[in-house]
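Asker: So here's target.cif, just mmCIF, C-alpha atoms and all ligand atoms:
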data_target
loop_
_atom_site.label_atom_id
_atom_site.label_comp_id
_atom_site.auth_asym_id
_atom_site.auth_seq_id
_atom_site.Cartn_x
_atom_site.Cartn_y
_atom_site.Cartn_z
CA MET A 1 -39.87 -6.86 -57.40
CA ARG A 2 -39.97 -3.25 -58.59
CA ALA A 3 -38.28 -2.52 -61.93
CA ARG A 4 -37.67 0.79 -63.68
CA LEU A 5 -37.45 1.67 -67.35
CA ILE A 6 -35.52 4.89 -67.86
CA LEU A 7 -35.23 6.76 -71.14
CA GLU A 8 -32.39 9.14 -71.98
CA ASP A 9 -34.82 12.09 -72.07
CA GLY A 10 -35.46 11.55 -68.34
CA THR A 11 -38.73 9.60 -68.62
CA GLU A 12 -39.12 6.99 -65.89
CA CYS A 13 -41.67 4.15 -65.96
CA VAL A 14 -42.04 2.07 -62.84
CA GLY A 15 -43.27 -1.49 -63.14
CA THR A 16 -42.71 -5.06 -61.99
CA ALA A 17 -39.64 -7.08 -62.89
CA PHE A 18 -39.92 -10.39 -64.71
CA GLY A 19 -37.30 -12.43 -66.53
CA ALA A 20 -33.73 -11.82 -65.33
CA THR A 21 -33.10 -9.23 -62.62
CA THR A 22 -30.15 -7.77 -64.43
CA GLU A 23 -29.55 -4.20 -65.59
CA SER A 24 -29.54 -3.63 -69.32
CA VAL A 25 -29.16 -0.76 -71.79
CA GLY A 26 -30.41 -0.64 -75.37
CA GLU A 27 -32.28 1.32 -77.99
CA VAL A 28 -35.99 1.28 -77.07
CA VAL A 29 -38.22 0.33 -80.01
CA PHE A 30 -41.87 -0.67 -80.31
CA ASN A 31 -43.53 -3.48 -82.24
CA THR A 32 -47.20 -3.24 -83.19
CA GLY A 33 -47.83 -6.97 -83.73
CA LEU A 34 -50.93 -8.30 -81.98
CA THR A 35 -49.21 -11.63 -81.55
CA GLY A 36 -45.86 -13.25 -82.38
CA TYR A 37 -43.87 -12.12 -79.34
CA GLN A 38 -41.74 -15.29 -79.48
CA GLU A 39 -40.69 -14.61 -83.08
CA VAL A 40 -40.04 -10.94 -82.26
CA LEU A 41 -37.84 -11.56 -79.25
CA SER A 42 -35.83 -14.24 -81.07
CA ASP A 43 -35.36 -12.24 -84.30
CA PRO A 44 -31.59 -11.47 -84.36
CA SER A 45 -32.30 -8.09 -86.03
CA TYR A 46 -33.37 -6.84 -82.57
CA CYS A 47 -29.91 -7.56 -81.13
CA GLY A 48 -29.08 -4.87 -78.58
CA GLN A 49 -32.56 -3.35 -78.52
CA ILE A 50 -35.13 -3.12 -75.74
CA VAL A 51 -38.45 -4.07 -77.31
CA THR A 52 -41.87 -2.97 -76.21
CA MET A 53 -45.01 -4.60 -77.57
CA THR A 54 -47.96 -2.26 -78.14
CA TYR A 55 -50.39 -5.17 -77.73
CA PRO A 56 -51.25 -5.13 -74.02
CA LEU A 57 -51.29 -8.81 -73.00
CA ILE A 58 -48.06 -10.72 -73.56
CA GLY A 59 -47.03 -14.25 -72.53
CA ASN A 60 -50.50 -15.78 -72.63
CA TYR A 61 -49.67 -18.56 -75.11
CA GLY A 62 -46.26 -19.26 -73.57
CA ILE A 63 -43.10 -20.20 -75.44
CA ASN A 64 -43.06 -23.21 -77.75
CA ARG A 65 -40.41 -25.31 -79.45
CA ASP A 66 -41.19 -24.28 -83.02
CA ASP A 67 -41.55 -20.51 -83.21
CA PHE A 68 -37.98 -19.41 -82.55
CA GLU A 69 -36.38 -17.32 -85.29
CA ALA A 70 -32.89 -18.04 -83.95
CA VAL A 71 -31.48 -20.50 -81.45
CA ARG A 72 -31.55 -17.83 -78.78
CA PRO A 73 -32.94 -14.33 -78.25
CA TYR A 74 -30.60 -11.34 -78.60
CA ILE A 75 -32.85 -8.54 -77.34
CA HIS A 76 -31.62 -6.47 -74.40
CA GLY A 77 -34.95 -6.18 -72.64
CA PHE A 78 -38.70 -6.68 -72.99
CA VAL A 79 -41.34 -4.14 -71.94
CA VAL A 80 -45.00 -5.11 -71.64
CA ARG A 81 -48.26 -3.73 -70.34
CA GLU A 82 -49.51 -6.95 -68.77
CA HIS A 83 -47.34 -10.04 -68.37
CA CYS A 84 -49.17 -13.37 -68.28
CA ASP A 85 -47.26 -16.06 -66.41
CA THR A 86 -49.89 -18.78 -66.70
CA PRO A 87 -49.88 -19.58 -70.42
CA SER A 88 -52.56 -21.70 -71.97
CA ASN A 89 -51.78 -23.25 -75.33
CA TRP A 90 -51.29 -26.84 -76.47
CA ARG A 91 -47.89 -25.99 -77.95
CA SER A 92 -46.58 -24.15 -74.90
CA ALA A 93 -43.43 -25.69 -73.45
CA GLY A 94 -42.53 -22.94 -71.00
CA THR A 95 -43.14 -19.38 -69.97
CA LEU A 96 -41.81 -16.10 -71.28
CA ASP A 97 -40.39 -15.44 -67.81
CA GLU A 98 -38.38 -18.69 -67.90
CA LEU A 99 -37.01 -17.91 -71.35
CA LEU A 100 -35.87 -14.41 -70.41
CA LYS A 101 -34.30 -15.72 -67.18
CA ALA A 102 -32.42 -18.44 -69.10
CA TYR A 103 -30.82 -15.85 -71.39
CA ASP A 104 -30.25 -13.17 -68.74
CA ILE A 105 -32.70 -10.72 -70.33
CA PRO A 106 -34.66 -8.35 -68.06
CA GLY A 107 -38.37 -7.75 -68.52
CA ILE A 108 -40.61 -5.06 -67.05
CA ALA A 109 -44.39 -5.32 -66.82
CA GLY A 110 -47.07 -2.82 -65.84
CA VAL A 111 -45.69 -0.11 -68.10
CA ASP A 112 -48.02 2.29 -69.90
CA THR A 113 -46.81 1.03 -73.30
CA ARG A 114 -49.21 3.36 -75.13
CA MET A 115 -47.58 6.40 -73.53
CA LEU A 116 -44.12 4.93 -74.22
CA THR A 117 -44.95 4.31 -77.89
CA ARG A 118 -46.35 7.82 -78.34
CA LYS A 119 -43.20 9.23 -76.79
CA ILE A 120 -40.97 7.25 -79.17
CA ARG A 121 -43.12 8.22 -82.15
CA TYR A 122 -42.92 11.87 -81.15
CA HIS A 123 -39.27 12.16 -80.09
CA GLY A 124 -37.78 9.27 -82.09
CA THR A 125 -36.06 6.12 -80.92
CA MET A 126 -34.19 6.62 -77.63
CA LYS A 127 -31.62 4.88 -75.52
CA GLY A 128 -33.11 3.28 -72.44
CA MET A 129 -32.30 1.17 -69.41
CA ILE A 130 -34.18 -1.51 -67.47
CA THR A 131 -33.01 -1.81 -63.91
CA THR A 132 -34.14 -2.97 -60.48
CA SER A 133 -31.75 -0.52 -58.83
CA GLU A 134 -33.27 1.91 -56.32
CA ALA A 135 -30.58 4.52 -56.98
CA PRO A 136 -31.71 8.12 -57.58
CA LEU A 137 -32.97 8.83 -61.11
CA SER A 138 -30.22 11.41 -61.75
CA GLU A 139 -27.54 8.81 -61.05
CA LEU A 140 -29.13 6.22 -63.34
CA LEU A 141 -29.63 8.81 -66.08
CA ASP A 142 -25.98 9.73 -65.88
CA SER A 143 -24.85 6.17 -66.37
CA LEU A 144 -27.45 5.61 -69.12
CA ARG A 145 -26.28 8.67 -71.04
CA ARG A 146 -22.66 7.53 -70.78
CA ALA A 147 -23.39 3.91 -71.81
CA PRO A 148 -22.37 3.24 -75.41
CA LEU A 149 -24.74 1.48 -77.79
CA MET A 150 -23.18 -1.48 -79.58
CA ASN A 151 -22.19 -1.35 -83.24
CA ASP A 152 -20.87 -4.90 -83.72
CA GLN A 153 -24.21 -6.71 -83.56
CA VAL A 154 -23.81 -8.47 -86.94
CA ALA A 155 -20.55 -10.12 -85.81
CA ARG A 156 -22.31 -11.22 -82.61
CA VAL A 157 -25.26 -12.91 -84.30
CA SER A 158 -23.81 -14.22 -87.59
CA THR A 159 -22.66 -17.83 -87.84
CA LYS A 160 -18.93 -18.26 -87.16
CA SER A 161 -18.52 -21.10 -89.66
CA VAL A 162 -19.99 -22.28 -92.94
CA PHE A 163 -22.71 -24.93 -92.74
CA SER A 164 -25.12 -26.44 -95.20
CA CYS A 165 -28.78 -27.41 -95.30
CA PRO A 166 -28.65 -29.83 -98.23
CA GLY A 167 -31.29 -29.99 -100.92
CA THR A 168 -31.38 -31.14 -104.51
CA GLY A 169 -32.47 -27.86 -106.08
CA HIS A 170 -30.75 -24.52 -106.57
CA ARG A 171 -27.57 -23.89 -104.60
CA VAL A 172 -28.24 -20.73 -102.60
CA VAL A 173 -25.47 -19.07 -100.63
CA LEU A 174 -27.20 -17.43 -97.69
CA VAL A 175 -25.02 -14.67 -96.27
CA ASP A 176 -25.90 -14.66 -92.59
CA PHE A 177 -26.02 -11.17 -91.08
CA GLY A 178 -28.38 -12.53 -88.41
CA ALA A 179 -30.71 -14.57 -90.61
CA LYS A 180 -34.12 -15.48 -89.29
CA HIS A 181 -34.94 -19.18 -89.41
CA GLY A 182 -37.94 -18.27 -91.57
CA ILE A 183 -35.61 -17.53 -94.50
CA LEU A 184 -34.01 -20.98 -94.20
CA ARG A 185 -37.48 -22.53 -93.89
CA GLU A 186 -38.67 -20.85 -97.09
CA LEU A 187 -35.58 -21.93 -99.03
CA THR A 188 -35.49 -25.53 -97.82
CA LYS A 189 -39.25 -25.83 -98.39
CA ARG A 190 -38.43 -25.08 -102.04
CA ASN A 191 -35.75 -27.78 -102.01
CA CYS A 192 -32.85 -25.32 -102.25
CA ASP A 193 -29.36 -26.55 -101.42
CA VAL A 194 -28.50 -23.85 -98.89
CA VAL A 195 -24.98 -23.00 -97.80
CA VAL A 196 -24.98 -20.55 -94.90
CA VAL A 197 -21.86 -18.40 -94.75
CA PRO A 198 -20.62 -15.84 -92.18
CA HIS A 199 -21.14 -12.09 -92.69
CA ASN A 200 -17.46 -11.55 -93.55
CA VAL A 201 -17.35 -14.06 -96.40
CA THR A 202 -15.23 -12.96 -99.37
CA ALA A 203 -16.29 -12.89 -103.02
CA ALA A 204 -13.70 -15.61 -103.78
CA GLU A 205 -15.18 -17.85 -101.08
CA ILE A 206 -18.66 -17.35 -102.54
CA ARG A 207 -17.42 -18.21 -106.06
CA ARG A 208 -15.82 -21.42 -104.79
CA LEU A 209 -19.29 -22.58 -103.69
CA HIS A 210 -20.63 -22.25 -107.29
CA PRO A 211 -23.98 -20.82 -106.23
CA ASP A 212 -27.05 -20.50 -108.42
CA GLY A 213 -28.03 -17.48 -106.35
CA ILE A 214 -27.10 -15.39 -103.33
CA LEU A 215 -29.47 -14.37 -100.55
CA LEU A 216 -28.42 -11.50 -98.29
CA SER A 217 -30.21 -11.95 -94.98
CA ASN A 218 -31.79 -9.56 -92.52
CA GLY A 219 -29.67 -8.47 -89.57
CA PRO A 220 -29.24 -5.98 -86.72
CA GLY A 221 -27.79 -2.49 -86.60
CA ASP A 222 -26.74 0.14 -89.10
CA PRO A 223 -25.89 -1.28 -92.55
CA LYS A 224 -22.90 1.08 -92.64
CA ASP A 225 -21.40 -0.83 -89.68
CA VAL A 226 -20.51 -3.72 -92.03
CA PRO A 227 -18.40 -2.04 -94.75
CA GLN A 228 -16.62 -5.29 -95.68
CA ALA A 229 -19.96 -6.86 -96.64
CA ILE A 230 -20.77 -3.86 -98.85
CA GLU A 231 -17.43 -4.35 -100.68
CA THR A 232 -18.04 -8.08 -101.16
CA ILE A 233 -21.53 -7.45 -102.56
CA ARG A 234 -20.19 -4.77 -104.91
CA GLU A 235 -17.60 -7.25 -106.18
CA ILE A 236 -20.03 -10.11 -106.74
CA LEU A 237 -23.02 -8.07 -108.03
CA GLY A 238 -24.12 -9.25 -111.47
CA GLU A 239 -22.33 -12.61 -111.27
CA TYR A 240 -25.26 -14.47 -109.66
CA PRO A 241 -28.96 -13.77 -109.12
CA LEU A 242 -29.25 -11.91 -105.83
CA PHE A 243 -32.09 -11.42 -103.35
CA GLY A 244 -31.71 -9.07 -100.37
CA ILE A 245 -34.01 -9.00 -97.35
CA CYS A 246 -34.12 -6.06 -94.91
CA LEU A 247 -30.46 -5.48 -93.88
CA GLY A 248 -29.60 -7.42 -97.07
CA HIS A 249 -31.72 -4.93 -99.04
CA GLN A 250 -29.92 -1.98 -97.45
CA LEU A 251 -26.49 -3.54 -98.14
CA PHE A 252 -27.46 -4.23 -101.77
CA ALA A 253 -28.45 -0.55 -102.10
CA LEU A 254 -25.20 0.70 -100.52
CA ALA A 255 -23.14 -1.64 -102.72
CA SER A 256 -24.96 -0.21 -105.76
CA GLY A 257 -23.99 3.33 -104.77
CA ALA A 258 -27.24 4.43 -103.08
CA ASP A 259 -27.42 5.69 -99.48
CA THR A 260 -29.32 4.79 -96.30
CA VAL A 261 -30.71 6.93 -93.51
CA LYS A 262 -31.86 6.28 -89.95
CA MET A 263 -35.62 6.69 -89.59
CA LYS A 264 -37.23 8.52 -86.69
CA PHE A 265 -38.75 5.41 -85.10
CA GLY A 266 -38.64 2.72 -87.78
CA HIS A 267 -41.23 0.15 -88.83
CA ARG A 268 -41.91 -2.84 -86.60
CA GLY A 269 -45.00 -5.00 -86.74
CA GLY A 270 -47.11 -7.26 -88.87
CA ASN A 271 -49.43 -4.66 -90.33
CA HIS A 272 -47.35 -2.50 -92.67
CA PRO A 273 -48.98 -1.82 -96.05
CA VAL A 274 -46.59 -1.80 -98.99
CA LYS A 275 -47.46 -0.91 -102.58
CA GLU A 276 -45.95 -2.72 -105.54
CA LEU A 277 -45.49 0.03 -108.11
CA ALA A 278 -45.71 -2.21 -111.21
CA THR A 279 -49.18 -3.52 -110.36
CA GLY A 280 -50.58 -1.01 -107.89
CA ARG A 281 -51.27 -3.91 -105.54
CA THR A 282 -50.94 -3.48 -101.82
CA TYR A 283 -49.48 -6.18 -99.61
CA ILE A 284 -49.61 -6.28 -95.83
CA THR A 285 -46.10 -7.02 -94.64
CA SER A 286 -44.09 -7.97 -91.60
CA GLN A 287 -41.41 -5.39 -90.81
CA ASN A 288 -38.59 -4.66 -88.42
CA HIS A 289 -36.20 -1.92 -89.38
CA SER A 290 -34.73 1.40 -88.23
CA TYR A 291 -32.94 2.36 -91.45
CA ALA A 292 -34.23 2.95 -94.97
CA VAL A 293 -32.76 3.47 -98.41
CA LYS A 294 -32.86 7.15 -99.41
CA ALA A 295 -35.05 7.51 -102.49
CA GLU A 296 -33.13 10.56 -103.71
CA SER A 297 -29.86 8.57 -103.72
CA ILE A 298 -31.17 6.05 -106.26
CA PRO A 299 -30.98 7.86 -109.64
CA GLY A 300 -27.83 6.88 -111.51
CA THR A 301 -27.21 3.68 -109.53
CA GLY A 302 -28.93 1.29 -111.96
CA LEU A 303 -31.49 0.59 -109.24
CA GLU A 304 -35.22 0.99 -109.68
CA ILE A 305 -37.75 1.42 -106.85
CA THR A 306 -40.27 -1.43 -107.01
CA HIS A 307 -42.17 -0.99 -103.72
CA VAL A 308 -43.02 1.87 -101.35
CA ALA A 309 -44.47 2.00 -97.83
CA LEU A 310 -48.00 3.38 -97.84
CA ASN A 311 -47.72 4.88 -94.35
CA ASP A 312 -44.74 7.14 -95.02
CA GLY A 313 -43.68 6.68 -98.66
CA THR A 314 -40.27 5.20 -97.83
CA VAL A 315 -38.49 2.79 -100.18
CA GLU A 316 -39.57 -0.83 -99.62
CA GLY A 317 -38.22 -2.65 -102.67
CA LEU A 318 -35.50 -2.30 -105.29
CA ARG A 319 -34.27 -4.12 -108.33
CA ASN A 320 -31.54 -4.07 -110.90
CA LEU A 321 -32.90 -6.12 -113.81
CA GLU A 322 -29.63 -6.18 -115.71
CA LYS A 323 -27.82 -7.65 -112.72
CA ARG A 324 -30.70 -10.02 -111.85
CA ALA A 325 -30.82 -8.55 -108.36
CA PHE A 326 -33.78 -7.48 -106.25
CA SER A 327 -34.49 -6.75 -102.63
CA VAL A 328 -37.19 -5.85 -100.14
CA GLN A 329 -37.12 -3.91 -96.90
CA TYR A 330 -39.86 -6.06 -95.40
CA HIS A 331 -39.97 -9.75 -94.46
CA PRO A 332 -41.38 -12.15 -97.08
CA GLU A 333 -40.51 -15.03 -94.72
CA ALA A 334 -43.04 -13.46 -92.31
CA ALA A 335 -42.59 -15.19 -88.90
CA PRO A 336 -44.76 -13.90 -87.48
CA GLY A 337 -47.07 -13.40 -90.49
CA PRO A 338 -48.64 -12.10 -92.64
CA TYR A 339 -47.70 -14.41 -95.49
CA ASP A 340 -48.75 -12.16 -98.41
CA THR A 341 -45.27 -11.80 -99.90
CA GLY A 342 -43.90 -15.35 -99.67
CA TYR A 343 -44.15 -15.47 -103.48
CA LEU A 344 -40.90 -13.47 -103.61
CA PHE A 345 -39.00 -16.68 -102.84
CA ASP A 346 -40.66 -18.25 -105.91
CA GLN A 347 -39.61 -15.20 -107.91
CA PHE A 348 -36.01 -15.73 -106.73
CA LEU A 349 -36.21 -19.38 -107.87
CA GLU A 350 -37.51 -18.31 -111.29
CA ILE A 351 -34.62 -15.87 -111.71
CA MET A 352 -32.19 -18.67 -110.79
CA ASP A 353 -33.95 -21.00 -113.31
CA THR A 354 -33.53 -18.46 -116.11
CA ALA A 355 -29.90 -17.75 -115.25
CA LYS A 356 -29.16 -21.48 -115.19
CA GLU A 357 -30.80 -22.04 -118.59
CA GLU A 358 -28.82 -19.19 -120.08
CA ARG A 359 -25.58 -20.60 -118.69
CA ALA A 360 -26.40 -23.99 -120.21
CA HIS A 361 -27.12 -22.39 -123.62
CA ALA A 362 -23.93 -20.39 -123.51
CA LYS A 363 -21.94 -23.58 -122.78
CA ALA A 364 -23.61 -25.48 -125.62
CA ARG A 365 -22.73 -22.77 -128.12
N1 LIG B 401 -34.64 -6.71 -89.95
C1 LIG B 401 -33.55 -6.16 -90.46
O1 LIG B 401 -32.80 -6.76 -91.23
C2 LIG B 401 -33.23 -4.76 -90.00
C3 LIG B 401 -32.19 -4.06 -90.79
C4 LIG B 401 -31.50 -2.94 -90.01
N2 LIG B 401 -30.85 -3.47 -88.84
C5 LIG B 401 -32.48 -1.88 -89.62
O2 LIG B 401 -32.83 -1.77 -88.47
O3 LIG B 401 -32.94 -1.12 -90.47
#
Output the structure of this file as structure tokens.

Answerer:
Amino acid sequence: MRARLILEDGTECVGTAFGATTESVGEVVFNTGLTGYQEVLSDPSYCGQIVTMTYPLIGNYGINRDDFEAVRPYIHGFVVREHCDTPSNWRSAGTLDELLKAYDIPGIAGVDTRMLTRKIRYHGTMKGMITTSEAPLSELLDSLRRAPLMNDQVARVSTKSVFSCPGTGHRVVLVDFGAKHGILRELTKRNCDVVVVPHNVTAAEIRRLHPDGILLSNGPGDPKDVPQAIETIREILGEYPLFGICLGHQLFALASGADTVKMKFGHRGGNHPVKELATGRTYITSQNHSYAVKAESIPGTGLEITHVALNDGTVEGLRNLEKRAFSVQYHPEAAPGPYDTGYLFDQFLEIMDTAKEERAHAKAR
């Protein structure tokens, strides 16, 4: 069946429908990963977005049981150059088409994704629509331009109730703004006693859990859409070691008094070079974000820039040594890779070790 991808600037791409034959609107973004489409489409940070992969052949290793980053995908559409519906991989348990159908997500194949990506890079991220309707373009454009983009994604993807992944090590309160499973995997692998709490948790509720540390997860949308979380972080900052990832990094910055800005087309892919300022080392990182912390808003906040993106110089890492808090804009949990920066979870554990020792000394005195 014929499908159409329409952008708010009037661009129309005609292709073939796969997945659900439903109409869907979202922000169109591109991901430059050569592989990892299952992790990308199930990463809750993409909630409400239509994702296009720049790699041209998608679906060829199918969908497996183990690579989901959430229990279900939240994307609003998937755009590919060539869709493979005959996967070949020993782990494959189904096709991309079946997965998208099951969750009512439309896909469109046969699109010139290189042209689409260049357009987004040139004009910036745009609203778009995938449809199988044969209505005139002007009519579809009208309804696309009127369609609102969502701003309550965090509430949609965050857990509704507290749950725990028990361990015998450090008690980590993971504030779930749309946490990828990879973060839980990295913490439980290190034997952490993880308590996952909803995005609207209060400081008092966090204190009652007696954490050794707090991890602010990744998540969808504009960090300024979750003002309550910013207040809670401001209140609790300095009481426990804190690690922020992606949206968590942006919220930590806002709670510290810095500001965020929407980027022209964001960073999405597994090949983003980031420089650690203290060592001059470069790490290749996994990224997925539209917003960034404004470097010029940092002076006077107690924050220090620890990492920068080598492609465009934007802020990629922050810390506040006094408050034992640090954060990164990229994804140390990878999923999909690269795994260069997984050591940041060990760093978080070390900070919790030190804080614990100091508490024990203070008690003994
Ligand atoms: N992966 C994330 O946590 C993304 C953070 C935020 N939604 C952004 O797009 O910038």

Asker: Nearest to ligand LIG 401 (chain B): which of A:Lys119, A:His181, A:Lys160, A:His289 is it, counting all atoms listed in the file?

Answerer: A:His289

Asker: Do you have the atom CA of A:Gly337-atom CA of A:Thr35 distance handy?

Answerer: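 Computed distance, atom CA of A:Gly337 to atom CA of A:Thr35, equals 9.4 Å.
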
Asker: If you count only C-alpha atoms and all ligand atoms, which residues end up within 6 Å of ligand LIG 401 (chain B), as number ranges by chain?

Answerer: A: 45, 218-222, 246-247, 288-291

Asker: Take the residues that were just selected and, keeping C-alpha atoms, output them as a tab-separated table (two decimals), in the coordinates of the input.

Answerer:
chain	number	residue	atom	x	y	z
A	45	SER	CA	-32.30	-8.09	-86.03
A	218	ASN	CA	-31.79	-9.56	-92.52
A	219	GLY	CA	-29.67	-8.47	-89.57
A	220	PRO	CA	-29.24	-5.98	-86.72
A	221	GLY	CA	-27.79	-2.49	-86.60
A	222	ASP	CA	-26.74	0.14	-89.10
A	246	CYS	CA	-34.12	-6.06	-94.91
A	247	LEU	CA	-30.46	-5.48	-93.88
A	288	ASN	CA	-38.59	-4.66	-88.42
A	289	HIS	CA	-36.20	-1.92	-89.38
A	290	SER	CA	-34.73	1.40	-88.23
A	291	TYR	CA	-32.94	2.36	-91.45

Asker: Set the distance at 10 Å and use only C-alpha atoms: which residues neighbour A:Thr306 once local chain neighbours fewer than 6 positions away are removed? I'd like the list as a PyMOL selection string.

Answerer: chain A and resi 275-279+315-320+326-328

Asker: With 9 Å as the cut-off and all atoms listed in the file counted, what is the closest atom pair between each nearby residue of stretch 148-215 of chain A and stretch 236-239 of chain A? Distances in Å to one decimal, ordered by chain and number, as a Markdown table.

Answerer:
| residue | atom | partner | partner_atom | distance |
| --- | --- | --- | --- | --- |
| A:Ala203 | CA | A:Ile236 | CA | 6.0 |
| A:Ala204 | CA | A:Ile236 | CA | 8.9 |
| A:Ile206 | CA | A:Ile236 | CA | 8.5 |
| A:Arg207 | CA | A:Ile236 | CA | 8.5 |
| A:Gly213 | CA | A:Glu239 | CA | 9.0 |

Asker: Find the residue from A:Val80, A:Leu137, A:Leu96, A:Ala17 that sits nearest to A:Ile63; use only C-alpha atoms when measuring.

Answerer: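 Distance minimum relative to A:Ile63 lands on A:Leu96.
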
Asker: Within 10 Å of A:Tyr74, counting only C-alpha atoms, which residues qualify if same-chain residues fewer than 3 places away don't, as a PyMOL selection string?

Answerer: chain A and resi 41-50+70-71+77+103+105+153+156-157+220

Asker: What does the structure give for the distance between atom CA of A:Gly342 and atom CA of A:Ala309, in Å to one decimal?

Answerer: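 Taking atom CA of A:Gly342 and atom CA of A:Ala309, their separation equals 17.5 Å.
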
Asker: With only C-alpha atoms counted and 12 Å as the cut-off, give the residues of stretch 120-238 of chain A in contact with stretch 52-61 of chain A, each with its shortest interatomic distance in Å and the pair that gives it, as a tab-separated table.

Answerer:
residue	atom	partner	partner_atom	distance
A:Ile120	CA	A:Thr52	CA	10.7
A:Thr125	CA	A:Thr52	CA	11.8
A:Gly128	CA	A:Thr52	CA	11.4
A:Ile130	CA	A:Thr52	CA	11.7

Asker: Restricting the calculation to all atoms listed in the file, which member of A:Phe265, A:His361, A:His331, A:Leu349 is positioned closest to A:Asp312?

Answerer: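 Ranking A:Phe265, A:His361, A:His331, A:Leu349 by distance to A:Asp312, first place goes to A:Phe265.
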
Asker: Set the distance at 6 Å and use only C-alpha atoms: which residues neighbour A:Thr16 once local chain neighbours fewer than 6 positions away are removed? I'd like the list as a PyMOL selection string.

Answerer: chain A and resi 1-3+108-109

Asker: Might you pull out every residue within 9 Å of A:Ala253, with all atoms listed in the file counted and same-chain residues fewer than 3 positions away left off, and present them as JSON, numbers by chain?

Answerer: {"A": [230, 248, 249, 250, 256, 257, 258, 259, 260, 293, 298, 301, 303, 318, 327]}

Asker: Go through A:Arg234, A:His170, A:Lys363, A:Arg324 one by one, measure the shortest atom-to-atom distance of each to A:Thr202 using all atoms listed in the file, and give the residue with the smallest value.

Answerer: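 Looking only at the distances to A:Thr202, the closest residue turns out to be A:Arg234.
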
Asker: Using only C-alpha atoms, which protein or nucleic acid residues come within 8 Å of A:Arg145? Drop anything in the same chain fewer than 4 positions from it, and give the result as a list in words.

Answerer: Glu8, Lys127 and Leu141 of chain A

Asker: Compare A:Ser217, A:Ser161, A:Asn311, A:Ser297 by their minimum atom-to-atom distance to A:Glu333, counting all atoms listed in the file, and give me the closest one.

Answerer: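 Answer, going by the shortest atom-to-atom distance: A:Ser217.
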
Asker: Using atom CA of A:Val173 and atom CA of A:Ile214 as the two end points, give the distance in Å to one decimal.

Answerer: 4.8 Å

Asker: Between A:Ala292, A:Leu254, A:Val274, A:Ala155, which residue has the minimum interatomic distance to A:His307, considering only C-alpha atoms?

Answerer: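 Nearest to A:His307: A:Val274.
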
Asker: Using all atoms listed in the file, give me every residue within 9 Å of (-30.0, -14.3, -70.1) in file coordinates, as a PyMOL selection string.

Answerer: chain A and resi 19-20+22+73+99-106

Asker: Would you kindly place N, CA and C atoms on stretch 331-343 of chain A and return the model as a PDB file, in the coordinates of the input?

Answerer:
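The resulting file, selection_0.pdb, is reproduced below:
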ATOM      1  N   HIS A 331     -40.324  -8.351 -94.693  1.00  0.00           N
ATOM      2  CA  HIS A 331     -39.970  -9.750 -94.460  1.00  0.00           C
ATOM      3  C   HIS A 331     -40.899 -10.726 -95.162  1.00  0.00           C
ATOM      4  N   PRO A 332     -40.524 -11.194 -96.370  1.00  0.00           N
ATOM      5  CA  PRO A 332     -41.380 -12.150 -97.080  1.00  0.00           C
ATOM      6  C   PRO A 332     -41.460 -13.489 -96.350  1.00  0.00           C
ATOM      7  N   GLU A 333     -40.479 -13.767 -95.480  1.00  0.00           N
ATOM      8  CA  GLU A 333     -40.510 -15.030 -94.720  1.00  0.00           C
ATOM      9  C   GLU A 333     -41.502 -14.923 -93.555  1.00  0.00           C
ATOM     10  N   ALA A 334     -42.050 -13.710 -93.372  1.00  0.00           N
ATOM     11  CA  ALA A 334     -43.040 -13.460 -92.310  1.00  0.00           C
ATOM     12  C   ALA A 334     -42.431 -13.827 -90.947  1.00  0.00           C
ATOM     13  N   ALA A 335     -43.104 -14.716 -90.187  1.00  0.00           N
ATOM     14  CA  ALA A 335     -42.590 -15.190 -88.900  1.00  0.00           C
ATOM     15  C   ALA A 335     -42.375 -14.076 -87.887  1.00  0.00           C
ATOM     16  N   PRO A 336     -43.373 -13.486 -87.260  1.00  0.00           N
ATOM     17  CA  PRO A 336     -44.760 -13.900 -87.480  1.00  0.00           C
ATOM     18  C   PRO A 336     -45.296 -13.278 -88.773  1.00  0.00           C
ATOM     19  N   GLY A 337     -46.441 -13.802 -89.233  1.00  0.00           N
ATOM     20  CA  GLY A 337     -47.070 -13.400 -90.490  1.00  0.00           C
ATOM     21  C   GLY A 337     -47.109 -11.901 -90.678  1.00  0.00           C
ATOM     22  N   PRO A 338     -47.812 -11.405 -91.641  1.00  0.00           N
ATOM     23  CA  PRO A 338     -48.640 -12.100 -92.640  1.00  0.00           C
ATOM     24  C   PRO A 338     -47.802 -12.697 -93.786  1.00  0.00           C
ATOM     25  N   TYR A 339     -48.430 -13.631 -94.489  1.00  0.00           N
ATOM     26  CA  TYR A 339     -47.700 -14.410 -95.490  1.00  0.00           C
ATOM     27  C   TYR A 339     -47.883 -13.904 -96.919  1.00  0.00           C
ATOM     28  N   ASP A 340     -48.424 -12.703 -97.079  1.00  0.00           N
ATOM     29  CA  ASP A 340     -48.750 -12.160 -98.410  1.00  0.00           C
ATOM     30  C   ASP A 340     -47.589 -12.219 -99.412  1.00  0.00           C
ATOM     31  N   THR A 341     -46.357 -12.028 -98.943  1.00  0.00           N
ATOM     32  CA  THR A 341     -45.270 -11.800 -99.900  1.00  0.00           C
ATOM     33  C   THR A 341     -44.300 -12.973-100.017  1.00  0.00           C
ATOM     34  N   GLY A 342     -44.720 -14.150 -99.561  1.00  0.00           N
ATOM     35  CA  GLY A 342     -43.900 -15.350 -99.670  1.00  0.00           C
ATOM     36  C   GLY A 342     -43.562 -15.686-101.117  1.00  0.00           C
ATOM     37  N   TYR A 343     -44.384 -15.185-102.055  1.00  0.00           N
ATOM     38  CA  TYR A 343     -44.150 -15.470-103.480  1.00  0.00           C
ATOM     39  C   TYR A 343     -42.799 -14.920-103.953  1.00  0.00           C
TER      40      TYR A 343
END
